[in-house]
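To keep things clear, I will list the structure first and then write my remarks on it.
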There are 2 protein chains.
Amino acid sequence: MSLASWRSPLARALHRNRSLVYSRYLQLATVRSDGRPANRTVVFRGFLEETNQLQFVTDARSQKVEQIEHISAAEACWYFPNTREQFRLAGQLTLVPANCPHADLLAARQRLWQALSDPARTQFAWADPGQPRNDDVGFAVPSPDATTPLPTFCLLLLDPDRVDHLELRGDPQNRGLYHRDAAGNWSMQAVNP
Amino acid sequence: MSLASWRSPLARALHRNRSLVYSRYLQLATVRSDGRPANRTVVFRGFLEETNQLQFVTDARSQKVEQIEHISAAEACWYFPNTREQFRLAGQLTLVPANCPHADLLAARQRLWQALSDPARTQFAWADPGQPRNDDVGFAVPSPDATTPLPTFCLLLLDPDRVDHLELRGDPQNRGLYHRDAAGNWSMQAVNP
């Protein structure tokens with residue numbers, strides 16, 4: 001595979017904003033089964049090797065898992081404060097749960113688990129997210145094994161087919177629309193901001 | 001009307017993050033007419049007087065206007081870096097265009113126009129957003145009148161009916177779900193993060 005043409009400006013934005021830990025946070029929009037949108041902050045965990053797919057992690061018990069089974073389309077919105085630019089990445093989500101049949105994706109899932117901090121791994125052993133809180137149970141759990149992911153741990157992949165890059169600096173601002181054609185090739189068109 | 005119970009923690013977050021100009025930026029998710037989600041950064045412009053509705057501005061020619069006509073449901077995701085907390089605000093959008101029949105909403109639209117900077121107002125006179133760029137036309141426009149909004153200028157209101165507040169600080173983290181009932185009263189339930 002070849003690197004998509006939007007990877008270069010995105011890599012530059014990540015580099016120029018690296019002083020901000022939250023420059024790796026972005027907002028992922030999906031659609032609920034009743035047709036309403038959902039939107040939450042996720043952490044960018046790099047690209048899946050040899051692909052243009054963004055990696056995130058999620059809990060198998062989270063609402064977004066159910067939403068993805070219904071509609072896999074998503075749009076991530078990523079704002080970089082230092083350079084004042086925005087990437088909107090639209091595409092399809094793929095969930096990689098514990099019982100995923102693809103060995104290479106399971107290996108990627110395991111790599112991400114091993115790269116997490118101990119507190120981050122422990123959250124996957126906590127009580128069901130979104131259920132009424134009961135501090136008597138649910139949070140006093142031992143640290144999970146650092147090698148083998150818990151069954152609740154999922155890798156989540158976003159495969160963009162359209163990227164909208166807006167640079168707020170400049171008058172007028174710069175905006176480029178990247179499209180992937182059926183053959184998998186990317187092209188870019190400069191558009192009005 | 002009474003202030004919704006989530007207004008207090010949101011006001012606190014805005015205050016504690018006021019050193020960051022981009023703490024007033026949030027991501028607004030809507031649904032496209034083909035059922036795919038859309039997501040973009042918008043700027044919070046305060047609350048509509050005497051309501052719990054968030055104010056934004058938008059261009060009548062932007063894609064979100066068409067999306068809102070189709071499905072008015074939206075979810076805003078607002079991450080505050082200094083305090084490491086997230087608000088997810090789900091509800092209905094109302095667009096206030098130049099021909100809106102409600103005098104009070106038109107007055108609010110005009111107030112927001114007048115509060116904009118001159119460069120921000122000028123963008124509403126630029127060539128059609130999202131169309132192929134042509135620098136020969138479209139950007140060399142005079143500053144619009146500062147009192148009367150251009151026809152392209154719209155007020156956009158988000159009326160939340162559900163707010164999910166997550167504080168990442170703390171072990172375990174704190175998460176509260178605010179719901180509005182049919183009578184318009186808000187209640188809060190602490191849930192597992």
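Identifiers in this document derive from the order of the structure tokens: chains are assigned A, B, ..., residues are numbered from 1 separately in each chain, and ligands are numbered from 1 in order of occurrence.
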Worksheet item: Where in region 85-186 of chain B does DSSP assign strand (DSSP E), given as number ranges by chain?
Response: B: 85-96, 153-167, 174-180, 186
Please produce an output containing C-alpha atoms for each residue in the selection, written as a compact mmCIF listing (two decimals), in the first residue's frame.
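Result written to again31.txt:
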# COMPACT_ATOMS: atom_id res chain seq x y z
CA GLU B 85 -13.30 16.77 31.38
CA GLN B 86 -15.76 16.13 28.58
CA PHE B 87 -19.35 17.19 28.04
CA ARG B 88 -21.47 15.41 25.47
CA LEU B 89 -24.58 17.47 24.74
CA ALA B 90 -27.29 15.72 22.72
CA GLY B 91 -30.40 17.50 21.52
CA GLN B 92 -32.10 19.30 18.68
CA LEU B 93 -30.75 22.02 16.43
CA THR B 94 -32.71 25.07 15.32
CA LEU B 95 -31.49 27.21 12.46
CA VAL B 96 -32.25 30.94 12.53
CA PHE B 153 -25.42 34.54 8.15
CA CYS B 154 -27.37 32.14 10.39
CA LEU B 155 -27.68 31.66 14.10
CA LEU B 156 -27.65 27.99 15.08
CA LEU B 157 -29.12 26.82 18.39
CA LEU B 158 -28.58 23.52 20.19
CA ASP B 159 -31.23 22.64 22.75
CA PRO B 160 -29.80 19.72 24.78
CA ASP B 161 -32.08 17.06 26.26
CA ARG B 162 -29.27 14.80 27.50
CA VAL B 163 -25.83 15.73 28.81
CA ASP B 164 -23.06 13.26 29.65
CA HIS B 165 -20.36 14.77 31.85
CA LEU B 166 -17.11 12.83 32.30
CA GLU B 167 -14.27 13.95 34.56
CA ASN B 174 -16.59 10.61 37.67
CA ARG B 175 -19.40 10.47 35.16
CA GLY B 176 -22.87 11.98 35.43
CA LEU B 177 -25.80 11.60 33.05
CA TYR B 178 -28.26 14.49 32.96
CA HIS B 179 -31.70 13.87 31.49
CA ARG B 180 -34.53 16.28 30.73
CA TRP B 186 -33.50 17.92 34.67
Practice prompt. Return the neighbours of chain A among the residues of chain B, cut-off 8 Å, counting only C-alpha atoms, as an MDAnalysis selection string.
Written response: chainID B and resid 22 27:31 35:41 73:77 79 81 86 88 90 127:134 139 172 189:193
Could you write those residues out with N, CA, C and O atoms, as a compact mmCIF listing (two decimals), in the first residue's frame?
# COMPACT_ATOMS: atom_id res chain seq x y z
N TYR B 22 -9.17 28.17 22.69
CA TYR B 22 -9.87 27.06 22.02
C TYR B 22 -10.69 26.22 22.99
O TYR B 22 -11.27 25.22 22.58
N GLN B 27 -16.98 20.13 19.10
CA GLN B 27 -17.24 19.40 17.86
C GLN B 27 -18.72 19.04 17.80
O GLN B 27 -19.26 18.45 18.74
N LEU B 28 -19.33 19.38 16.68
CA LEU B 28 -20.77 19.20 16.52
C LEU B 28 -21.03 18.12 15.47
O LEU B 28 -20.65 18.26 14.31
N ALA B 29 -21.69 17.04 15.92
CA ALA B 29 -22.02 15.93 15.01
C ALA B 29 -23.47 16.03 14.57
O ALA B 29 -24.36 16.27 15.38
N THR B 30 -23.68 15.85 13.27
CA THR B 30 -25.01 15.77 12.70
C THR B 30 -25.05 14.54 11.79
O THR B 30 -24.07 13.80 11.70
N VAL B 31 -26.18 14.32 11.13
CA VAL B 31 -26.32 13.17 10.24
C VAL B 31 -26.63 13.67 8.84
O VAL B 31 -27.51 14.52 8.65
N GLY B 35 -27.43 9.24 5.69
CA GLY B 35 -27.33 8.46 6.92
C GLY B 35 -25.95 8.40 7.54
O GLY B 35 -25.79 7.87 8.65
N ARG B 36 -24.95 8.95 6.84
CA ARG B 36 -23.60 8.96 7.43
C ARG B 36 -23.46 10.16 8.36
O ARG B 36 -24.10 11.20 8.16
N PRO B 37 -22.62 10.03 9.39
CA PRO B 37 -22.45 11.16 10.31
C PRO B 37 -21.52 12.23 9.72
O PRO B 37 -20.70 11.95 8.85
N ALA B 38 -21.68 13.45 10.20
CA ALA B 38 -20.78 14.56 9.87
C ALA B 38 -20.33 15.16 11.20
O ALA B 38 -21.04 15.09 12.20
N ASN B 39 -19.15 15.76 11.20
CA ASN B 39 -18.57 16.23 12.45
C ASN B 39 -17.64 17.39 12.14
O ASN B 39 -16.79 17.26 11.26
N ARG B 40 -17.81 18.52 12.82
CA ARG B 40 -16.94 19.66 12.57
C ARG B 40 -16.80 20.50 13.83
O ARG B 40 -17.66 20.45 14.73
N THR B 41 -15.75 21.32 13.86
CA THR B 41 -15.50 22.21 14.99
C THR B 41 -16.36 23.46 14.85
O THR B 41 -16.45 24.04 13.77
N ALA B 73 -31.45 16.29 14.87
CA ALA B 73 -30.74 15.76 16.04
C ALA B 73 -29.24 15.99 15.89
O ALA B 73 -28.69 15.88 14.79
N ALA B 74 -28.59 16.32 17.00
CA ALA B 74 -27.15 16.58 16.99
C ALA B 74 -26.55 16.14 18.31
O ALA B 74 -27.27 15.98 19.31
N GLU B 75 -25.24 15.93 18.30
CA GLU B 75 -24.53 15.75 19.58
C GLU B 75 -23.23 16.53 19.51
O GLU B 75 -22.42 16.34 18.61
N ALA B 76 -23.07 17.43 20.47
CA ALA B 76 -21.83 18.19 20.58
C ALA B 76 -20.93 17.50 21.58
O ALA B 76 -21.38 17.00 22.61
N CYS B 77 -19.64 17.45 21.25
CA CYS B 77 -18.65 16.88 22.17
C CYS B 77 -17.65 17.98 22.50
O CYS B 77 -17.05 18.58 21.61
N TYR B 79 -14.42 18.98 24.83
CA TYR B 79 -13.35 18.53 25.71
C TYR B 79 -12.58 19.73 26.26
O TYR B 79 -12.19 20.61 25.50
N PRO B 81 -9.24 20.83 28.02
CA PRO B 81 -7.90 20.27 28.27
C PRO B 81 -7.37 20.53 29.68
O PRO B 81 -6.78 19.63 30.29
N GLN B 86 -15.02 16.15 29.85
CA GLN B 86 -15.76 16.13 28.58
C GLN B 86 -17.26 16.28 28.86
O GLN B 86 -17.78 15.65 29.77
N ARG B 88 -20.79 15.79 26.70
CA ARG B 88 -21.47 15.41 25.47
C ARG B 88 -22.90 15.92 25.58
O ARG B 88 -23.63 15.53 26.50
N ALA B 90 -26.44 16.23 23.79
CA ALA B 90 -27.29 15.72 22.72
C ALA B 90 -28.62 16.45 22.75
O ALA B 90 -29.19 16.69 23.82
N ALA B 127 -16.86 33.58 -1.51
CA ALA B 127 -17.46 32.64 -2.46
C ALA B 127 -17.95 31.38 -1.73
O ALA B 127 -17.53 31.10 -0.61
N ASP B 128 -18.82 30.63 -2.41
CA ASP B 128 -19.46 29.45 -1.82
C ASP B 128 -18.46 28.49 -1.16
O ASP B 128 -17.58 27.95 -1.83
N PRO B 129 -18.64 28.23 0.14
CA PRO B 129 -17.74 27.27 0.81
C PRO B 129 -17.87 25.87 0.20
O PRO B 129 -18.97 25.43 -0.12
N GLY B 130 -16.73 25.21 0.03
CA GLY B 130 -16.73 23.83 -0.47
C GLY B 130 -16.68 23.73 -1.98
O GLY B 130 -16.47 22.64 -2.53
N GLN B 131 -16.85 24.86 -2.69
CA GLN B 131 -16.76 24.83 -4.16
C GLN B 131 -15.30 24.96 -4.59
O GLN B 131 -14.47 25.49 -3.84
N PRO B 132 -14.98 24.45 -5.79
CA PRO B 132 -13.59 24.52 -6.25
C PRO B 132 -13.05 25.95 -6.14
O PRO B 132 -13.73 26.91 -6.50
N ARG B 133 -11.83 26.05 -5.68
CA ARG B 133 -11.28 27.35 -5.34
C ARG B 133 -10.84 28.13 -6.58
O ARG B 133 -10.21 27.59 -7.48
N ASN B 134 -11.14 29.40 -6.55
CA ASN B 134 -10.69 30.30 -7.60
C ASN B 134 -10.34 31.62 -6.92
O ASN B 134 -11.21 32.38 -6.52
N PHE B 139 -12.81 36.41 -2.88
CA PHE B 139 -12.28 36.75 -1.56
C PHE B 139 -11.97 38.24 -1.41
O PHE B 139 -11.83 38.73 -0.30
N PRO B 172 -11.70 5.82 40.57
CA PRO B 172 -12.20 5.89 39.20
C PRO B 172 -12.67 7.30 38.85
O PRO B 172 -12.87 8.13 39.72
N GLN B 189 -27.92 11.33 37.12
CA GLN B 189 -27.60 10.02 37.67
C GLN B 189 -26.10 9.80 37.54
O GLN B 189 -25.54 9.95 36.43
N ALA B 190 -25.44 9.45 38.64
CA ALA B 190 -24.02 9.09 38.57
C ALA B 190 -23.90 7.68 37.98
O ALA B 190 -24.62 6.77 38.41
N VAL B 191 -23.05 7.53 36.98
CA VAL B 191 -22.89 6.22 36.34
C VAL B 191 -21.42 5.83 36.31
O VAL B 191 -20.53 6.67 36.54
N ASN B 192 -21.16 4.57 36.02
CA ASN B 192 -19.79 4.09 35.91
C ASN B 192 -19.11 4.77 34.71
O ASN B 192 -19.73 4.91 33.66
N PRO B 193 -17.86 5.18 34.88
CA PRO B 193 -17.15 5.84 33.77
C PRO B 193 -16.86 4.86 32.63
O PRO B 193 -16.99 3.66 32.81
With DSSP run on the backbone, what are the alpha helix (DSSP H) residues within region 34-192 of chain A? I'd like them as a PDB file with C-alpha atoms, in the first residue's frame.
ATOM      1  CA  GLN A  63     -22.426   2.148  23.228  1.00  0.00           C
ATOM      2  CA  LYS A  64     -20.295   2.837  20.191  1.00  0.00           C
ATOM      3  CA  VAL A  65     -19.780  -0.896  19.648  1.00  0.00           C
ATOM      4  CA  GLU A  66     -23.513  -1.405  19.250  1.00  0.00           C
ATOM      5  CA  GLN A  67     -23.700   1.693  17.015  1.00  0.00           C
ATOM      6  CA  ILE A  68     -20.940   0.419  14.730  1.00  0.00           C
ATOM      7  CA  GLU A  69     -22.710  -2.923  14.245  1.00  0.00           C
ATOM      8  CA  HIS A  70     -25.704  -0.939  13.016  1.00  0.00           C
ATOM      9  CA  ALA A 103      -4.704 -13.111  13.054  1.00  0.00           C
ATOM     10  CA  ASP A 104      -2.973  -9.911  11.907  1.00  0.00           C
ATOM     11  CA  LEU A 105      -5.699  -7.720  13.433  1.00  0.00           C
ATOM     12  CA  LEU A 106      -5.603  -9.735  16.673  1.00  0.00           C
ATOM     13  CA  ALA A 107      -1.857  -9.179  16.775  1.00  0.00           C
ATOM     14  CA  ALA A 108      -2.396  -5.422  16.363  1.00  0.00           C
ATOM     15  CA  ARG A 109      -4.995  -5.565  19.175  1.00  0.00           C
ATOM     16  CA  GLN A 110      -2.478  -7.266  21.428  1.00  0.00           C
ATOM     17  CA  ARG A 111       0.245  -4.724  20.598  1.00  0.00           C
ATOM     18  CA  LEU A 112      -2.047  -1.857  21.618  1.00  0.00           C
ATOM     19  CA  TRP A 113      -2.983  -3.615  24.867  1.00  0.00           C
ATOM     20  CA  GLN A 114       0.670  -4.045  25.735  1.00  0.00           C
ATOM     21  CA  ALA A 115       1.389  -0.382  24.949  1.00  0.00           C
ATOM     22  CA  ASP A 118      -1.434  -0.179  33.799  1.00  0.00           C
ATOM     23  CA  PRO A 119      -4.246   2.216  34.911  1.00  0.00           C
ATOM     24  CA  ALA A 120      -5.577   2.345  31.345  1.00  0.00           C
ATOM     25  CA  ARG A 121      -5.672  -1.465  31.157  1.00  0.00           C
ATOM     26  CA  THR A 122      -7.415  -1.670  34.542  1.00  0.00           C
TER      27      THR A 122
END
Worksheet entry | Å distance separating CA of Met188 (chain A) from CA of Arg7 (chain A), one decimal place | 12.2 Å
Worksheet item: So how many Å separate CA of Leu54 (chain A) and CA of Leu14 (chain A), to one decimal?
Response: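 Computed distance, CA of Leu54 (chain A) to CA of Leu14 (chain A), equals 13.4 Å.
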Worksheet item: So which one's closest to His15 (chain B), B:Thr83, B:Pro142, B:Ser117, B:Pro151? Using only C-alpha atoms, please.
Response: B:Thr83
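Between CA of Cys100 (chain A) and CA of Ser62 (chain A) there is a distance of 17.4 Å.
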